2 protein chains.
Amino acid sequence: MNKLEDAIVREIEGIIPANRVLTSMEELYSYSYDASFGEYLPQLAIQPESVIEISKIMKIANKHKIPVYPRGAATSLSGGPLPIEGGIVLDMTRMNKKLIIDCENLLAIVSPGVTTGEIHYQAEKAGLFYPPDPSSSKVSTIGGNLLENSSGPKGLKYGTTKEYVIGLEVVTPEGKIVRTGGKTVKNVTGYDLTRLIVGSEGTLAIVTEATLRLIPKPKACKTLLATFSRLVDSGYAITKILSSGIMPAAMELMDNACIRAVENFSPCGLPVNAEALVIIEVDGHPLAINEEIEKCEEICWQVGAAAVRTARTDEEREEIWKARRMVSPAITQMGPTKISEDATVPRSQIPAMMEKLSQIRIKYELNLVVFGHAGDGNLHPNIITDKRNIEEMKRAENAVSEIFEAAVSLGGTLSGEHGIGTLKAPYMEMELGEAGLDLMKKVKNAWDPNNILNPGKIFPKAGQTKVVLV
Amino acid sequence: MNKLEDAIVREIEGIIPANRVLTSMEELYSYSYDASFGEYLPQLAIQPESVIEISKIMKIANKHKIPVYPRGAATSLSGGPLPIEGGIVLDMTRMNKKLIIDCENLLAIVSPGVTTGEIHYQAEKAGLFYPPDPSSSKVSTIGGNLLENSSGPKGLKYGTTKEYVIGLEVVTPEGKIVRTGGKTVKNVTGYDLTRLIVGSEGTLAIVTEATLRLIPKPKACKTLLATFSRLVDSGYAITKILSSGIMPAAMELMDNACIRAVENFSPCGLPVNAEALVIIEVDGHPLAINEEIEKCEEICWQVGAAAVRTARTDEEREEIWKARRMVSPAITQMGPTKISEDATVPRSQIPAMMEKLSQIRIKYELNLVVFGHAGDGNLHPNIITDKRNIEEMKRAENAVSEIFEAAVSLGGTLSGEHGIGTLKAPYMEMELGEAGLDLMKKVKNAWDPNNILNPGKIFPKAGQTKVVLV
């Protein structure tokens with residue numbers, strides 16, 4: 001990638017102190033990757049500290065048609081912050097000064113660089129609760145979470161990240177500062193730009209402040225772990241519990257490959273021959289959840305669980321969740337490259353999707369591990385491979401394509417929470433149709449006529465119809 | 001309004017049977033009004049029965065640049081379906097054939113002309129629950145509810161209509177048929193067009209089918225009625241209950257004028273000297289709500305309630321809600337013209353907003369009655385007047401302007417659930433700023449370059465800066 005013209009760099013240094021304008025190769029290299037794969041060097045990295053600075057940078061970038069990529073903690077699994085067309089990376093992590101918990105209005109007002117985990121901590125200290133919880137919340141920033149609409153296990157009962165964002169301050173591609181929404185849950189003053197920007201993967205605007213809705217913290221929770229000899233029975237358990245009038249806070253599924261991976265990595269006493277394991281957690285009033293967890297237990301036995309264990313103490317609960325938390329480290333140990341997908345299907349199609357994934361595993365002879373948030377149909381098929389093994393990567397490429405096709409053919413979606421980014425762009429038209437994709441492009445073109453904000457993401461390039469990993 | 005050219009009418013009659021293309025003055029007159037005020041005759045009214053018909057109509061309309069206004073049951077309080085620039089009204093009430101409750105996936109799939117009340121009924125029959133409930137739900141159509149994002153009393157605990165729409169089939173202004181979202185709660189495949197269209201007041205697309213998320217029906221509910229000698233104490237009660245960890249399903253406030261109106265109309269034994277009355281309902285697990293309603297009762301007494309009464313039986317609960325349900329008929333009796341507003345403020349500002357409304361009542365010597373969904377800050381100031389009384393209407397005009405200014409100055413919004421329509425358009429820039437409004441216009445222009453879909457709504461005309469009622 002060529003360097004930016006000196007005149008442009010000087011123009012930027014006129015508004016941002018030089019120590020926050022990074023140009024050396026070592027510095028730029030650290031902005032070249034995220035938690036997906038692919039490496040792209042930016043021409044410049046800037047660490048803005050205020051909305052005014054960001055507005056000025058965007059005006060310069062727009063004038064000179066230089067790509068700009070906002071970047072939080074770079075935990076994106078779909079390439080969100082990758083500077084794939086060169087240009088400027090905006091490192092948003094210094095925008096982390098504001099975290100106000102407003103107990104009277106049940107709100108949090110936050111800067112984009114604050115970690116989501118810190119919001120959880122401060123809200124809970126005040127007896128409140130911010131439900132969205134991507135597994136990376138200890139390190140990932142709220143700005144990144146919002147722009148990707150990444151939500152984690154609690155979407156089933158509590159809804160996704162989007163359901164908790166009621167106001168934004170953003171900078172547009174043309175450098176204008178705009179406030180959307182506000183401090184009220186009910187707001188129908190014009191179009192819902194807040195929800196249009198949340199989940200837009202940094203292609204429509206840069207978030208510089210967010211107003212989040214909080215709820216009272218649930219008073220208690222109860223957790224059980226059920227194992228099933230037959231995968232299909234775990235699917236029945238999930239559907240039957242939901243139609244019994246119980247809305248669990250989480251319903252996490254792990255398949256046999258996933259159970260084995262965890263047991264290999266850190267033995268927890270999981271049954272390595274079980275086809276599936278389900279963790280169910282209910283939360284709410286202590287009296288209500290006792291009854292609910294008993295009902296869940298009963299249903300699991302009814303549909304043929306091999307074993308059901310309800311945690312009687314906090315320690316036992318921790319032990320159950322440990323199995324789930326070990327999944328990521330266990331998988332990471334299995335190989336250097338992890339392709340983490342998030343194909344999502346209507347809940348009733350989970351057994352059918354699991355069956356298709358199993359066929360894909362056999363057909364392409366891949367290390368394919370499946371876990372996920374089964375209650376909302378959000379599965380995480382992970383392919384463990386090695387990007388240096390070109391032949392295996394080609395098989396992975398085909399497997400990923402088939403996973404996308406399977407999800408869409410079952411009435412699901414390409415992405416439940418990781419975002420489209422670069423990898424899934426070729427499949428957008430398959431899901432949305434030409435006319436649907438065209439409506440999205442019209443919004444993008446209208447707001448960002450020079451296509452400078454996070455270019456190369458979401459929208460397929462002309463003629464691009466297939467995943468390309470290598 | 002001139003008639004449409006004969007050639008265009010013939011083109012339309014080529015695709016829609018003549019008995020569903022209405023041209024007589026009597027027929028057109030019945031499409032000239034809604035539940036707000038103002039009367040505008042359309043040039044033509046069409047009763048489509050399929051998405052294909054709508055697509056063809058839109059293509060003709062777009063070619064000839066004829067305005068099109070989708071219309072449900074016309075219960076809009078902001079002029080949503082009024083054909084203010086002539087053209088074609090699309091009467092959507094024949095699009096009412098589909099109402100599928102999918103228990104396995106907790107979904108409802110519905111045609112736009114189905115009434116929201118029918119969705120409630122069918123969902124509850126299956127043990128499920130669709131929480132949004134505008135007071136008009138027995139007659140209003142789901143299509144209109146979605147396009148206006150009207151939500152009713154349950155927004156506090158359950159969120160607004162928007163939170164329950166996960167997929168749409170729509171026809172664009174250019175006549176294309178597009179599906180947005182899908183059947184999964186988690187979906188981040190591209191921009192959230194679903195939520196962009198919900199609440200767009202029929203200016204972006206015509207909804208021809210919707211996929212709604214359902215939840216398990218709460219098992220039980222408990223209701224109390226508290227009266228307060230001082231309005232400000234009712235505000236304290238609301239805030240204190242919410243920060244105690246309880247999330248009521250509804251918290252309805254009525255001011256003194258409202259209490260008197262109801263007692264005049266249909267004596268319920270309400271205390272006509274109380275400054276405020278609050279109805280609180282909690283729902284959920286029977287054991288949990290017993291404890292919660294006791295806590296609510298305790299808090300009401302603590303902050304100085306004059307009386308608190310918890311319903312012990314279904315009949316007593318009905319009696320409490322009767323007071324609330326009598327509000328609209330009672331107000332309607334007070335005068336021929338009702339200006340129903342929905343200014344919404346952050347919950348903590350309710351006492352301040354009530355104070356401002358009280359000043360406005362005195363200043364303009366108007367019959368101003370206030371009730372509303374206090375838990376989410378969504379107040380309904382209603383001015384009862386007579387549109388033939390020009391002098392009083394002028395005072396009402398000024399009062400409405402001041403109500404909007406008060407809401408925005410307290411960090412609130414012009415509209416919580418009625419929509420902007422025609423009346424509030426002049427105030428959009430005050431709340432959104434020029435840049436914010438401009439982003440909305442860019443979306444509208446990109447999707448509807450000929451401005452044929454519901455023109456004259458939401459966006460102020462050049463130079464329009466004030467409410468005009470007469």
# chains A, B, ... in the order shown; residues from 1 in each chain; ligands from 1
call {"tool": "select_by_dssp", "arguments": {"residues": "segment 226-424 of chain B", "states": "helix (DSSP H, G or I)", "output": "PyMOL selection string"}}
result
chain B and resi 231-243+256-265+286-302+314-325+327-334+347-364+374-376+390-409
call {"tool": "residues_around", "arguments": {"residues": "segment 186-201 of chain A", "least_positions_apart": "4", "cutoff": "6 Å", "atoms": "only C-alpha atoms", "output": "list of chain:residue names"}}
result
A:Leu146, A:Leu147, A:Glu148, A:Asn149, A:Thr180, B:Tyr191, B:Asp192, B:Leu196, B:Ser200, B:Ser415, B:Gly416, B:Glu417, B:Gly419
call {"tool": "select_by_dssp", "arguments": {"residues": "segment 80-116 of chain A", "states": "strand (DSSP E or B)", "output": "ChimeraX atom specification"}}
result
/A:88-91,99-102,107-110,115
call {"tool": "write_last_selection", "arguments": {"atoms": "C-alpha atoms", "output": "PDB file, in the first residue's frame"}}
result
ATOM      1  CA  ILE A  88      -6.983   5.419   7.602  1.00  0.00           C
ATOM      2  CA  VAL A  89      -7.806   3.260  10.612  1.00  0.00           C
ATOM      3  CA  LEU A  90      -9.586   5.193  13.383  1.00  0.00           C
ATOM      4  CA  ASP A  91      -8.605   3.562  16.650  1.00  0.00           C
ATOM      5  CA  LEU A  99     -19.914   5.781  31.362  1.00  0.00           C
ATOM      6  CA  ILE A 100     -22.910   7.280  33.159  1.00  0.00           C
ATOM      7  CA  ILE A 101     -25.507   5.045  34.800  1.00  0.00           C
ATOM      8  CA  ASP A 102     -28.793   6.991  35.073  1.00  0.00           C
ATOM      9  CA  LEU A 107     -30.189   4.334  31.075  1.00  0.00           C
ATOM     10  CA  ALA A 108     -26.459   4.152  30.452  1.00  0.00           C
ATOM     11  CA  ILE A 109     -24.724   6.856  28.435  1.00  0.00           C
ATOM     12  CA  VAL A 110     -21.427   5.610  27.113  1.00  0.00           C
ATOM     13  CA  THR A 115     -15.716  -2.151  27.090  1.00  0.00           C
TER      14      THR A 115
END
call {"tool": "residues_around", "arguments": {"residues": "Lys56 of chain B", "least_positions_apart": "2", "cutoff": "9 Å", "atoms": "only C-alpha atoms", "output": "tab-separated table (two decimals) with C-alpha atoms, in the first residue's frame"}}
result
chain	number	residue	atom	x	y	z
B	12	ILE	CA	-55.47	0.51	-13.47
B	15	ILE	CA	-55.15	-4.99	-13.52
B	51	VAL	CA	-48.99	-8.12	-3.32
B	52	ILE	CA	-48.83	-8.56	-7.09
B	53	GLU	CA	-51.71	-6.12	-7.57
B	54	ILE	CA	-49.99	-3.60	-5.30
B	58	MET	CA	-47.09	1.18	-7.76
B	59	LYS	CA	-45.40	0.76	-11.12
B	60	ILE	CA	-48.22	2.66	-12.83
B	61	ALA	CA	-48.27	5.32	-10.13
B	175	GLY	CA	-43.18	-1.36	-7.37
B	176	LYS	CA	-40.57	-3.93	-6.43
call {"tool": "residues_around", "arguments": {"residues": "Tyr40 of chain B", "least_positions_apart": "6", "cutoff": "7 Å", "atoms": "only C-alpha atoms", "output": "MDAnalysis selection string"}}
result
chainID B and resid 32:33 82:84
call {"tool": "residues_around", "arguments": {"residues": "Met430 of chain B", "least_positions_apart": "2", "cutoff": "10 Å", "atoms": "only C-alpha atoms", "output": "ChimeraX atom specification"}}
result
/B:404-405,408-409,414,426-428,432-434,437,465
